[in-house]
Amino acid sequence: MKDLVGIKEIEKSDIERILNTASSFKDVLKRDIKKVPALRGKTVVNLFFEPSTRTKTSFELAEKRMSMDVLNFSVPTSSVVKGESLLDTVRTIEAYGVDFIVIRHSSSGAPHFIARNVNASVISGGDGINEHPTQALLDAFSIIEKKGRLEGLKIAIVGDILHSRVAKSNIYCLAKLGAKVRLIGPPTLIPMDLPEGVTVFHDMDEGIKDTDVIMMLRIQMERQGKGFFPSTGEYSMLYGLNINRLGLAKKDAIVMHPGPMNRGIEISSEVADCQQSVILEQVTNGIAVRMAVMYLLSGMQENE
Amino acid sequence: MTKELLNKKDIERMLLRIAHEIIEKNKGIENICLVGIQRGGVHLAKRLRLMIKGIENTEVPVGSLDISLYRDDIRIRKGHPVVRKTEIPCDVNDKKIILVDDVLFTGRSIRSAMDAIMDFGRPAQIQLAVLIDRGHRELPIRADYVGKNIPTSMSENISVQFEEEGHEDKVVLQSKE
């Protein structure tokens, strides 16, 4: 395995190896010196064609904790605005001699395309409405950390599944690890082609009943007004997570959100800040998981 | 071809001697922390703790150290890297850290282990205890406590097997063809 472009493309054993390795990196993050020389001498470029603060920060911190040299390439200041093609941009970057390319792009499949055309390891930081694999891995890691396992857990993913690459990656990841996935949202925001075993609910109260984990998705304000739902007020009433609704899930259910949150719309402040919320732990775990991915990919680069 | 070099009893005697030597050299066990290098060293460090307790009637802390993240050969090793647990049970500042490993060979693992320990703090001393010293050092490193010196050729391999991993305790010499 040279690249991580999506969860769909990898095996259950790969996922498990990444999650196991990530727990060692989480230990590193708890030390006074939060840095190891494991990837010293390697170079990574973060290529973000879409705005991102948290994913980019998380990757950059993970890269620095592994002692890599980090280049950041942000689109508004780059030659992309001068009309350079994606492939030319990436080939130029590869000619600098980088070992890893982390890419976020608004077109689904962009990381796959680049992975086929360069020797460096390509890691997707999210592509279009396709996948966001490292987010799903950190979510799985966070669940296992709290629940000890994933197999057999009832996990609800709530919101705009159709446009959410986080949801897609999570559906693949959780299904591969044996969790029971429920999707909750209005019919307009649930995709048609779903993997086997995934159940769909349009009524939230019914859907989150007895669940172990509730993953809320950000309602993408930029898609408002395209007719997917009547108003944010109505959406919030039907699919927002408040403390009463949370009571329908299991007593020890955990609440997750990939951020950034719209407080008061998909999640109430009370829920976001409650004991059952693991939202901030997800952020910390994200660094450990991304360190693990880069470490494992680098170990495999040389073996092929 | 494989040949058994040491059995359970031999290993036990060597470890007991090392336990005595550790106490003698350090004039007691004050400020000592044993740190086993994953995986064999961890088993040995735990056994040494029991033996030291038998002699001095006091427990010394035992930690485990995984050196994967400090190695210099990630690009030439085969197979998937596995990162095991690192647990250092005490503040290493001003402690005497005794690294424990099963086989001392090129010295590169010990170099990595020292780097890893230094990231936890500034120990007063780092000492090294090994069950087998098979020679072929590539770095200026020597052990303070050695169970047995076994001269080997580069084509041979020393394998230490542990009850803790479901085998019989023994040290085996494997030669290619």
# chains A, B, ... in the order shown; residues from 1 in each chain; ligands from 1
>>> closest_atom_pairs(of="chain B", to="chain A", cutoff="12 Å", atoms="only C-alpha atoms", output="CSV")
residue,atom,partner,partner_atom,distance
B:Leu65,CA,A:Ser24,CA,11.1
B:Asp66,CA,A:Ser24,CA,9.3
B:Ile67,CA,A:Ala38,CA,9.6
B:Ser68,CA,A:Ala38,CA,7.6
B:Leu69,CA,A:Ala38,CA,4.4
B:Tyr70,CA,A:Ala38,CA,5.6
B:Arg71,CA,A:Ala38,CA,7.0
B:Asp72,CA,A:Ala38,CA,8.1
B:Asp73,CA,A:Ala38,CA,9.8
B:Ile74,CA,A:Gly299,CA,6.1
B:Arg75,CA,A:Glu302,CA,5.7
B:Ile76,CA,A:Glu302,CA,7.1
B:Arg77,CA,A:Gly299,CA,7.9
B:Lys78,CA,A:Asn303,CA,6.3
B:Gly79,CA,A:Asn303,CA,7.1
B:His80,CA,A:Gly299,CA,6.4
B:Pro81,CA,A:Gly299,CA,6.3
B:Val82,CA,A:Thr21,CA,7.1
B:Val83,CA,A:Thr21,CA,5.9
B:Arg84,CA,A:Ser24,CA,6.8
B:Lys85,CA,A:Ser24,CA,6.3
B:Thr86,CA,A:Ser24,CA,7.6
B:Glu87,CA,A:Asp27,CA,8.8
B:Ile88,CA,A:Arg31,CA,10.5
B:Asp91,CA,A:Asp32,CA,11.1
B:Val92,CA,A:Asp32,CA,12.0
B:Ser112,CA,A:Pro37,CA,9.9
B:Asp115,CA,A:Pro37,CA,9.4
B:Ala116,CA,A:Val36,CA,8.2
B:Ile117,CA,A:Ile33,CA,10.9
B:Met118,CA,A:Ile33,CA,9.6
B:Asp119,CA,A:Ile33,CA,6.0
B:Phe120,CA,A:Ile33,CA,7.0
B:Gly121,CA,A:Asp32,CA,8.6
>>> select_by_dssp(residues="range 67-298 of chain A", states="strand (DSSP E)", output="PyMOL selection string")
chain A and resi 69-74+100-105+121-127+154-158+180-184+199-201+213-216+254-256
>>> select_by_dssp(residues="range 14-99 of chain B", states="helix (DSSP H, G or I)", output="PyMOL selection string")
chain B and resi 14-25+40-56+68-70
>>> residues_around(residues="Asn7 in chain B", least_positions_apart="5", cutoff="7 Å", atoms="only C-alpha atoms", output="list in words")
Asp169, Lys170 and Val171 of chain B
>>> residues_around(residues="Arg290 in chain A", least_positions_apart="4", cutoff="7 Å", atoms="only C-alpha atoms", output="mmCIF file with N, CA and C atoms, in the first residue's frame")
data_model
loop_
_atom_site.group_PDB
_atom_site.id
_atom_site.type_symbol
_atom_site.label_atom_id
_atom_site.label_comp_id
_atom_site.auth_asym_id
_atom_site.auth_seq_id
_atom_site.Cartn_x
_atom_site.Cartn_y
_atom_site.Cartn_z
ATOM 1 N N PHE A 59 -2.876 17.712 10.275
ATOM 2 C CA PHE A 59 -1.843 17.059 9.461
ATOM 3 C C PHE A 59 -0.485 17.687 9.725
ATOM 4 N N ALA A 62 0.904 16.633 13.019
ATOM 5 C CA ALA A 62 1.313 15.225 12.952
ATOM 6 C C ALA A 62 2.644 15.098 12.222
ATOM 7 N N THR A 134 -8.965 9.942 6.754
ATOM 8 C CA THR A 134 -8.342 10.054 8.083
ATOM 9 C C THR A 134 -9.358 10.461 9.151
ATOM 10 N N GLY A 286 -7.008 12.797 16.236
ATOM 11 C CA GLY A 286 -6.721 13.032 14.825
ATOM 12 C C GLY A 286 -5.230 13.122 14.556
ATOM 13 N N MET A 294 1.067 8.000 8.327
ATOM 14 C CA MET A 294 2.300 8.356 7.632
ATOM 15 C C MET A 294 3.430 7.397 7.974
#
>>> residues_around(residues="Asp252 in chain A", least_positions_apart="5", cutoff="12 Å", atoms="only C-alpha atoms", output="PDB file with C-alpha atoms, in the first residue's frame")
ATOM      1  CA  LYS A 146     -14.327   4.837  24.762  1.00  0.00           C
ATOM      2  CA  LYS A 147     -16.162   1.600  24.079  1.00  0.00           C
ATOM      3  CA  ASP A 210     -30.706   2.538  21.794  1.00  0.00           C
ATOM      4  CA  THR A 211     -27.614   3.691  19.918  1.00  0.00           C
ATOM      5  CA  ASP A 212     -24.099   3.512  21.407  1.00  0.00           C
ATOM      6  CA  VAL A 213     -22.662   6.317  19.313  1.00  0.00           C
ATOM      7  CA  ILE A 214     -24.218   9.383  17.670  1.00  0.00           C
ATOM      8  CA  LEU A 246     -29.874  12.315  23.522  1.00  0.00           C
ATOM      9  CA  GLY A 247     -31.892  10.657  26.297  1.00  0.00           C
ATOM     10  CA  CYS A 274     -21.902  17.566  28.002  1.00  0.00           C
ATOM     11  CA  GLN A 275     -20.054  14.644  29.598  1.00  0.00           C
ATOM     12  CA  GLN A 276     -21.009  12.322  26.743  1.00  0.00           C
ATOM     13  CA  SER A 277     -19.429  14.532  24.109  1.00  0.00           C
ATOM     14  CA  VAL A 278     -16.014  13.369  22.842  1.00  0.00           C
TER      15      VAL A 278
END
>>> closest_residue(among="A:Cys173, A:Ala120, A:Ile265, A:Ile190", to="Glu16 in chain A", atoms="only C-alpha atoms")
A:Cys173
>>> residues_around(residues="Asn31 in chain B", least_positions_apart="4", cutoff="8 Å", atoms="only C-alpha atoms", output="list of chain:residue names")
B:Asp94, B:Lys95, B:Lys96
>>> residues_around(residues="Glu196 in chain A", least_positions_apart="3", cutoff="10 Å", atoms="only C-alpha atoms", output="PyMOL selection string")
chain A and resi 175+193+199
>>> closest_residue(among="A:Arg223, A:Ile208, A:Pro186, A:Met237", to="Ala253 in chain A", atoms="only C-alpha atoms")
A:Ile208
